[in-house]
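Colleague: The following file, entry_25.csv, comprises CSV, C-alpha atoms:
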```csv
chain,number,residue,atom,x,y,z
W,1,MET,CA,-48.8,-5.6,25.0
W,2,ALA,CA,-52.3,-4.2,24.3
W,3,GLN,CA,-55.2,-6.6,24.6
W,4,GLY,CA,-56.5,-7.8,21.3
W,5,LYS,CA,-53.1,-7.8,19.5
W,6,GLN,CA,-51.5,-11.1,18.5
W,7,GLN,CA,-48.5,-12.1,20.5
W,8,GLN,CA,-45.4,-12.4,18.3
W,9,ASN,CA,-43.5,-15.6,18.4
W,10,LYS,CA,-40.2,-15.1,20.0
W,11,LYS,CA,-37.1,-17.3,20.0
W,12,TYR,CA,-34.9,-17.7,23.1
W,13,ILE,CA,-31.4,-19.0,23.5
W,14,ILE,CA,-31.0,-20.4,27.0
W,15,ARG,CA,-27.8,-21.9,28.4
W,16,ASN,CA,-27.9,-24.4,31.2
W,17,PRO,CA,-31.7,-24.2,31.7
W,18,GLY,CA,-31.6,-26.8,34.5
W,19,ILE,CA,-29.2,-24.7,36.6
W,20,VAL,CA,-31.1,-21.5,35.9
W,21,MET,CA,-34.4,-23.3,36.9
W,22,LYS,CA,-32.9,-24.4,40.2
W,23,ARG,CA,-31.5,-21.0,41.0
W,24,PHE,CA,-34.9,-19.5,40.3
W,25,TYR,CA,-36.7,-21.8,42.7
W,26,ASP,CA,-34.0,-21.6,45.3
W,27,SER,CA,-34.3,-17.8,45.4
W,28,PHE,CA,-38.1,-17.7,44.9
W,29,ASP,CA,-39.8,-15.8,47.7
W,30,HIS,CA,-43.4,-17.2,48.0
W,31,LYS,CA,-44.2,-14.5,50.6
W,32,PHE,CA,-43.1,-11.6,48.5
W,33,LEU,CA,-46.6,-10.2,47.8
W,34,TYR,CA,-48.0,-11.3,51.2
W,35,ARG,CA,-45.4,-9.3,53.0
W,36,GLN,CA,-46.3,-6.2,51.0
W,37,ALA,CA,-49.9,-6.6,51.9
W,38,GLN,CA,-49.0,-7.2,55.6
W,39,THR,CA,-47.0,-4.0,55.7
W,40,LEU,CA,-49.6,-1.9,54.0
W,41,MET,CA,-52.4,-3.2,56.3
W,42,PHE,CA,-50.2,-2.5,59.3
W,43,LEU,CA,-49.8,1.1,58.2
W,44,VAL,CA,-53.6,1.4,57.6
W,45,ASN,CA,-54.4,0.0,61.0
W,46,GLU,CA,-51.7,2.0,62.8
W,47,ARG,CA,-52.6,5.3,61.1
W,48,GLU,CA,-52.1,7.6,64.2
W,49,ARG,CA,-48.8,6.0,65.1
W,50,PHE,CA,-47.6,6.1,61.5
W,51,THR,CA,-48.5,9.7,61.1
W,52,SER,CA,-46.8,10.6,64.4
W,53,MET,CA,-43.6,8.8,63.3
W,54,VAL,CA,-43.5,10.8,60.0
W,55,LYS,CA,-44.0,14.1,61.9
W,56,GLN,CA,-41.2,13.1,64.3
W,57,ALA,CA,-38.9,12.3,61.4
W,58,GLU,CA,-39.6,15.7,59.9
W,59,GLU,CA,-38.8,17.5,63.1
W,60,THR,CA,-35.5,15.7,63.6
W,61,SER,CA,-34.3,15.6,60.0
W,62,GLU,CA,-31.4,17.9,59.0
W,63,GLU,CA,-31.8,20.7,56.5
W,64,GLY,CA,-31.1,19.6,53.0
W,65,THR,CA,-31.8,15.9,53.5
W,66,ASP,CA,-34.3,14.2,51.2
W,67,LYS,CA,-37.8,13.9,52.6
W,68,TYR,CA,-39.4,10.9,50.9
W,69,LEU,CA,-42.7,11.4,52.7
W,70,SER,CA,-44.3,14.6,54.1
W,71,SER,CA,-46.9,14.6,56.9
W,72,GLN,CA,-48.9,17.0,54.8
W,73,ASP,CA,-49.5,14.2,52.3
W,74,ILE,CA,-50.9,11.8,54.8
W,75,ASP,CA,-54.7,12.2,54.6
W,76,ASP,CA,-57.7,10.1,53.9
W,77,LYS,CA,-56.8,9.8,50.3
W,78,TYR,CA,-53.4,8.5,51.2
W,79,PHE,CA,-54.8,5.6,53.2
W,80,GLU,CA,-57.5,4.9,50.6
W,81,GLY,CA,-54.6,4.4,48.2
W,82,LEU,CA,-52.9,2.0,50.6
W,83,ARG,CA,-56.1,-0.1,50.9
W,84,ALA,CA,-56.5,0.0,47.1
W,85,GLN,CA,-52.9,-1.3,46.7
W,86,VAL,CA,-53.8,-4.3,49.1
W,87,TYR,CA,-56.7,-5.0,46.8
W,88,PHE,CA,-54.4,-5.0,43.7
W,89,ILE,CA,-51.9,-7.2,45.5
W,90,GLU,CA,-54.7,-9.7,46.2
W,91,MET,CA,-55.5,-9.9,42.4
W,92,HIS,CA,-51.8,-10.2,41.6
W,93,GLN,CA,-51.4,-13.0,44.2
W,94,PHE,CA,-54.2,-15.0,42.7
W,95,GLU,CA,-53.0,-14.5,39.2
W,96,SER,CA,-49.4,-15.6,40.2
W,97,PHE,CA,-50.8,-18.7,41.9
W,98,PHE,CA,-52.3,-19.9,38.7
W,99,ALA,CA,-49.3,-18.9,36.6
W,100,LEU,CA,-47.1,-21.1,38.8
W,101,LEU,CA,-49.4,-24.0,38.3
W,102,LEU,CA,-49.5,-23.5,34.5
W,103,ALA,CA,-45.7,-23.2,34.3
W,104,ALA,CA,-45.4,-27.0,34.5
W,105,PHE,CA,-47.2,-27.4,31.1
W,106,GLN,CA,-45.3,-24.8,29.1
W,107,LYS,CA,-42.5,-25.2,26.6
W,108,LEU,CA,-40.7,-22.3,28.1
W,109,PRO,CA,-38.7,-22.7,31.3
W,110,HIS,CA,-40.8,-21.7,34.4
W,111,TRP,CA,-39.0,-18.5,35.2
W,112,LEU,CA,-39.2,-17.3,31.6
W,113,TYR,CA,-42.9,-18.2,31.3
W,114,LEU,CA,-43.7,-16.3,34.5
W,115,THR,CA,-42.2,-13.1,33.0
W,116,THR,CA,-43.9,-13.4,29.6
W,117,TYR,CA,-47.4,-14.8,30.1
W,118,ARG,CA,-50.4,-12.6,29.5
W,119,THR,CA,-53.3,-12.1,32.0
W,120,SER,CA,-55.8,-13.2,29.3
W,121,GLU,CA,-54.1,-16.6,29.2
W,122,ILE,CA,-54.6,-17.0,33.0
W,123,LYS,CA,-58.2,-16.0,32.8
W,124,THR,CA,-58.8,-18.5,30.0
W,125,ALA,CA,-57.0,-21.3,31.8
W,126,ILE,CA,-59.1,-20.6,35.0
W,127,GLN,CA,-62.3,-20.8,33.1
W,128,ASN,CA,-61.2,-24.1,31.4
W,129,TYR,CA,-60.2,-25.5,34.8
W,130,VAL,CA,-63.5,-24.6,36.5
W,131,ASP,CA,-65.4,-26.1,33.5
W,132,GLY,CA,-63.3,-29.3,33.8
W,133,ASN,CA,-61.5,-28.9,30.5
W,134,ILE,CA,-58.1,-29.9,31.8
W,135,SER,CA,-56.7,-30.8,28.4
W,136,ALA,CA,-57.1,-27.2,27.3
W,137,VAL,CA,-55.5,-25.9,30.5
W,138,THR,CA,-52.4,-28.0,30.0
W,139,ASN,CA,-52.0,-27.7,26.3
W,140,GLY,CA,-52.9,-31.4,25.9
W,141,VAL,CA,-50.3,-32.7,28.3
W,142,VAL,CA,-52.8,-34.2,30.7
W,143,ASP,CA,-56.6,-34.5,30.8
W,144,THR,CA,-57.5,-35.3,34.4
W,145,VAL,CA,-57.6,-33.2,37.6
W,146,GLU,CA,-55.4,-35.8,39.3
W,147,ASN,CA,-52.7,-35.8,36.7
W,148,PHE,CA,-52.8,-32.0,36.7
W,149,ILE,CA,-52.2,-31.9,40.4
W,150,ILE,CA,-49.5,-34.5,40.2
W,151,LEU,CA,-47.5,-32.3,37.7
W,152,ALA,CA,-48.4,-28.8,38.8
W,153,VAL,CA,-48.4,-29.3,42.6
W,154,TYR,CA,-46.4,-32.4,43.4
W,155,ALA,CA,-43.8,-31.9,40.6
W,156,GLY,CA,-44.5,-35.4,39.2
W,157,PHE,CA,-44.3,-37.4,42.4
W,158,THR,CA,-47.1,-39.9,43.0
W,159,PRO,CA,-48.0,-42.0,46.1
W,160,ASP,CA,-47.7,-45.7,46.5
W,161,GLU,CA,-50.5,-47.8,45.1
W,162,GLN,CA,-51.9,-48.6,48.6
W,163,GLU,CA,-52.2,-44.9,49.5
W,164,LYS,CA,-54.1,-43.9,46.4
W,165,ASP,CA,-57.5,-44.7,47.8
W,166,GLY,CA,-56.9,-43.1,51.2
W,167,ARG,CA,-55.4,-39.7,52.0
W,168,TRP,CA,-54.2,-39.2,48.4
W,169,LYS,CA,-57.7,-39.1,47.1
W,170,GLU,CA,-58.7,-36.7,49.8
W,171,SER,CA,-55.7,-34.5,49.1
W,172,VAL,CA,-56.5,-34.4,45.3
W,173,GLU,CA,-60.1,-33.4,46.1
W,174,ALA,CA,-59.0,-30.7,48.6
W,175,ILE,CA,-56.5,-29.2,46.2
W,176,ASP,CA,-59.0,-29.3,43.3
W,177,TRP,CA,-61.5,-27.5,45.5
W,178,LEU,CA,-58.9,-24.9,46.5
W,179,ILE,CA,-57.9,-24.2,42.9
W,180,LYS,CA,-61.5,-23.7,41.9
W,181,GLN,CA,-62.2,-21.4,44.8
W,182,VAL,CA,-59.2,-19.2,44.0
W,183,GLY,CA,-60.2,-19.2,40.3
W,184,MET,CA,-63.8,-18.1,41.1
W,185,SER,CA,-62.4,-15.5,43.5
W,186,ILE,CA,-60.4,-14.0,40.7
W,187,TYR,CA,-63.5,-13.6,38.5
W,188,ARG,CA,-65.4,-12.1,41.4
W,189,ILE,CA,-62.6,-9.6,42.2
W,190,CYS,CA,-62.2,-8.7,38.5
W,191,SER,CA,-66.0,-8.3,38.1
W,192,LEU,CA,-66.2,-6.1,41.2
W,193,TYR,CA,-63.2,-4.0,40.0
W,194,LEU,CA,-64.7,-3.4,36.6
W,195,MET,CA,-68.1,-2.6,38.2
W,196,ARG,CA,-66.4,0.1,40.4
W,197,LEU,CA,-64.5,1.5,37.4
W,198,CYS,CA,-67.8,1.8,35.5
W,199,GLU,CA,-69.5,3.4,38.5
W,200,ARG,CA,-66.6,5.9,38.8
W,201,ALA,CA,-66.7,6.6,35.0
W,202,ALA,CA,-70.4,7.2,35.2
W,203,HIS,CA,-70.0,9.5,38.1
W,204,GLU,CA,-67.3,11.5,36.3
W,205,LEU,CA,-69.4,11.7,33.1
W,206,THR,CA,-72.4,12.9,35.1
W,207,LYS,CA,-70.2,15.7,36.7
W,208,LYS,CA,-69.0,16.8,33.3
W,209,ARG,CA,-72.5,16.8,31.8
W,210,LEU,CA,-73.8,18.9,34.8
W,211,HIS,CA,-70.9,21.3,34.3
W,212,PHE,CA,-71.6,21.6,30.6
W,213,TYR,CA,-75.3,22.1,31.3
W,214,ARG,CA,-74.6,24.9,33.8
W,215,GLN,CA,-72.3,26.6,31.3
W,216,PHE,CA,-75.0,26.3,28.6
W,217,LEU,CA,-77.6,27.9,31.0
W,218,LEU,CA,-75.2,30.8,31.8
W,219,ILE,CA,-74.6,31.5,28.1
W,220,GLU,CA,-78.3,31.2,27.3
W,221,SER,CA,-79.1,33.6,30.2
W,222,SER,CA,-76.5,36.1,29.0
W,223,PHE,CA,-78.1,36.2,25.5
W,224,MET,CA,-81.6,36.7,27.0
W,225,HIS,CA,-80.4,39.7,28.9
```
Translate the structure of the given file into structure tokens.
Modeller:
Amino acid sequence: MAQGKQQQNKKYIIRNPGIVMKRFYDSFDHKFLYRQAQTLMFLVNERERFTSMVKQAEETSEEGTDKYLSSQDIDDKYFEGLRAQVYFIEMHQFESFFALLLAAFQKLPHWLYLTTYRTSEIKTAIQNYVDGNISAVTNGVVDTVENFIILAVYAGFTPDEQEKDGRWKESVEAIDWLIKQVGMSIYRICSLYLMRLCERAAHELTKKRLHFYRQFLLIESSFMH
């Protein structure tokens, strides 16, 4: 959905939501994005070995078989693309982290919310959390950091009364610090990404203007002669 458009209210019919929720978390792979980043960085760091392996595969492959990757395509741009993909995975990982936290405060089942939320919602929630506006983050469900962490991180479990002043308090403070650091990291990454996009756009615009100016000089020169 394009930014700026209002999200249409949708109605869902869900059978056995509890069973579906359990299946979702039983099969949830928390290292899914991390493994992708691991693999990509391995390829980047082992560039020579990877290139050699692709060339060897080309030499030993039979005629008529599909070649999904050609050694001719492996150049500096290829590895720049891999690094960029790691960067995008990092952004996606941070966004997913917050989406999982927010799922506990939504009317939709977690698995459905995680496939329908908008990035703008996550950004707004992050800003509200960093500003201490917990009620806005949770749609009014809770209004303190501790209660947010109890529901979003510990799934509603709380410690015994005698433990609340000891390690529990330290845990809440540590988790709160981590959530805020991740949130601020998302803003830094997005700001840097937008800055690079602007720099690239400015560079392309300058190239086009120079090309246009050269063409104009050539035309003007031809008229003068």
Colleague: Any idea what's packed within 10 Å of W:Tyr129, counting only C-alpha atoms, ignoring anything in its chain fewer than 5 positions away? Could you give it as a PyMOL selection string?
Modeller: chain W and resi 123-124+134-138+145+176+179-180+183
Colleague: For the selection just defined, write its residues with C-alpha atoms to a file, as a CSV table (one decimal), in the frame of the given file.
Modeller:
```
chain,number,residue,atom,x,y,z
W,123,LYS,CA,-58.2,-16.0,32.8
W,124,THR,CA,-58.8,-18.5,30.0
W,134,ILE,CA,-58.1,-29.9,31.8
W,135,SER,CA,-56.7,-30.8,28.4
W,136,ALA,CA,-57.1,-27.2,27.3
W,137,VAL,CA,-55.5,-25.9,30.5
W,138,THR,CA,-52.4,-28.0,30.0
W,145,VAL,CA,-57.6,-33.2,37.6
W,176,ASP,CA,-59.0,-29.3,43.3
W,179,ILE,CA,-57.9,-24.2,42.9
W,180,LYS,CA,-61.5,-23.7,41.9
W,183,GLY,CA,-60.2,-19.2,40.3
```
Colleague: One decimal, in Å: what's the spacing between atom CA of W:His110 and atom CA of W:Gln127?
Modeller: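 Straight-line distance from atom CA of W:His110 to atom CA of W:Gln127 works out to 21.6 Å.
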Colleague: What is the distance between atom CA of W:Arg167 and atom CA of W:Ile150, in Å to one decimal?
Modeller: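 Distance reported for this atom pair: 14.2 Å.
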Colleague: Can you pull out every residue within 12 Å of W:Leu112, counting only C-alpha atoms, but drop anything in the same chain fewer than 2 positions away, and send it as a PyMOL selection string?
Modeller: chain W and resi 10-14+17+20-21+24+99-100+103-104+106-110+114-117
Colleague: When distances are computed from all atoms listed in the file, which of W:Ile126, W:Val182, W:Leu43, W:Leu101 shows the smallest separation from W:Phe148?
Modeller: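 Using all atoms listed in the file, the shortest distance to W:Phe148 belongs to W:Leu101.
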Colleague: Ranking W:Gln93, W:Ser70, W:Thr51, W:Thr158 by minimum distance to W:Ser185 and counting all atoms listed in the file, which one comes first?
Modeller: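 Closest to W:Ser185, using all atoms listed in the file: W:Gln93.
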Colleague: Go through W:Asn45, W:Gln56, W:Gln85, W:Ser171 one by one, measure the shortest atom-to-atom distance of each to W:Tyr154 using only C-alpha atoms, and give the residue with the smallest value.
Modeller: W:Ser171
Colleague: How about completing stretch 42-59 of chain W with N, CA and C atoms and giving it to me as a PDB file, in the coordinates of the input?
Modeller:
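Result written to result-v3.pdb:
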```pdb
ATOM      1  N   PHE W  42     -50.692  -2.972  58.007  1.00  0.00           N
ATOM      2  CA  PHE W  42     -50.200  -2.500  59.300  1.00  0.00           C
ATOM      3  C   PHE W  42     -50.219  -0.966  59.337  1.00  0.00           C
ATOM      4  N   LEU W  43     -49.805  -0.324  58.254  1.00  0.00           N
ATOM      5  CA  LEU W  43     -49.800   1.100  58.200  1.00  0.00           C
ATOM      6  C   LEU W  43     -51.259   1.675  58.276  1.00  0.00           C
ATOM      7  N   VAL W  44     -52.179   0.977  57.607  1.00  0.00           N
ATOM      8  CA  VAL W  44     -53.600   1.400  57.600  1.00  0.00           C
ATOM      9  C   VAL W  44     -54.147   1.300  59.051  1.00  0.00           C
ATOM     10  N   ASN W  45     -53.862   0.180  59.704  1.00  0.00           N
ATOM     11  CA  ASN W  45     -54.400   0.000  61.000  1.00  0.00           C
ATOM     12  C   ASN W  45     -53.721   0.801  62.119  1.00  0.00           C
ATOM     13  N   GLU W  46     -52.484   1.227  61.844  1.00  0.00           N
ATOM     14  CA  GLU W  46     -51.700   2.000  62.800  1.00  0.00           C
ATOM     15  C   GLU W  46     -51.578   3.461  62.269  1.00  0.00           C
ATOM     16  N   ARG W  47     -52.659   4.013  61.791  1.00  0.00           N
ATOM     17  CA  ARG W  47     -52.600   5.300  61.100  1.00  0.00           C
ATOM     18  C   ARG W  47     -52.055   6.408  62.038  1.00  0.00           C
ATOM     19  N   GLU W  48     -52.533   6.505  63.260  1.00  0.00           N
ATOM     20  CA  GLU W  48     -52.100   7.600  64.200  1.00  0.00           C
ATOM     21  C   GLU W  48     -50.609   7.433  64.501  1.00  0.00           C
ATOM     22  N   ARG W  49     -50.181   6.225  64.811  1.00  0.00           N
ATOM     23  CA  ARG W  49     -48.800   6.000  65.100  1.00  0.00           C
ATOM     24  C   ARG W  49     -47.878   6.284  63.936  1.00  0.00           C
ATOM     25  N   PHE W  50     -48.330   5.864  62.750  1.00  0.00           N
ATOM     26  CA  PHE W  50     -47.600   6.100  61.500  1.00  0.00           C
ATOM     27  C   PHE W  50     -47.418   7.576  61.238  1.00  0.00           C
ATOM     28  N   THR W  51     -48.529   8.307  61.346  1.00  0.00           N
ATOM     29  CA  THR W  51     -48.500   9.700  61.100  1.00  0.00           C
ATOM     30  C   THR W  51     -47.601  10.453  62.089  1.00  0.00           C
ATOM     31  N   SER W  52     -47.671  10.041  63.350  1.00  0.00           N
ATOM     32  CA  SER W  52     -46.800  10.600  64.400  1.00  0.00           C
ATOM     33  C   SER W  52     -45.338  10.365  64.101  1.00  0.00           C
ATOM     34  N   MET W  53     -45.036   9.181  63.622  1.00  0.00           N
ATOM     35  CA  MET W  53     -43.600   8.800  63.300  1.00  0.00           C
ATOM     36  C   MET W  53     -43.104   9.688  62.171  1.00  0.00           C
ATOM     37  N   VAL W  54     -43.940   9.934  61.151  1.00  0.00           N
ATOM     38  CA  VAL W  54     -43.500  10.800  60.000  1.00  0.00           C
ATOM     39  C   VAL W  54     -43.261  12.205  60.484  1.00  0.00           C
ATOM     40  N   LYS W  55     -44.149  12.726  61.342  1.00  0.00           N
ATOM     41  CA  LYS W  55     -44.000  14.100  61.900  1.00  0.00           C
ATOM     42  C   LYS W  55     -42.694  14.173  62.696  1.00  0.00           C
ATOM     43  N   GLN W  56     -42.436  13.154  63.488  1.00  0.00           N
ATOM     44  CA  GLN W  56     -41.200  13.100  64.300  1.00  0.00           C
ATOM     45  C   GLN W  56     -39.973  13.120  63.434  1.00  0.00           C
ATOM     46  N   ALA W  57     -40.031  12.349  62.362  1.00  0.00           N
ATOM     47  CA  ALA W  57     -38.900  12.300  61.400  1.00  0.00           C
ATOM     48  C   ALA W  57     -38.658  13.635  60.783  1.00  0.00           C
ATOM     49  N   GLU W  58     -39.725  14.371  60.474  1.00  0.00           N
ATOM     50  CA  GLU W  58     -39.600  15.700  59.900  1.00  0.00           C
ATOM     51  C   GLU W  58     -38.924  16.673  60.860  1.00  0.00           C
ATOM     52  N   GLU W  59     -39.293  16.577  62.124  1.00  0.00           N
ATOM     53  CA  GLU W  59     -38.800  17.500  63.100  1.00  0.00           C
ATOM     54  C   GLU W  59     -37.282  17.247  63.411  1.00  0.00           C
TER      55      GLU W  59
END
```
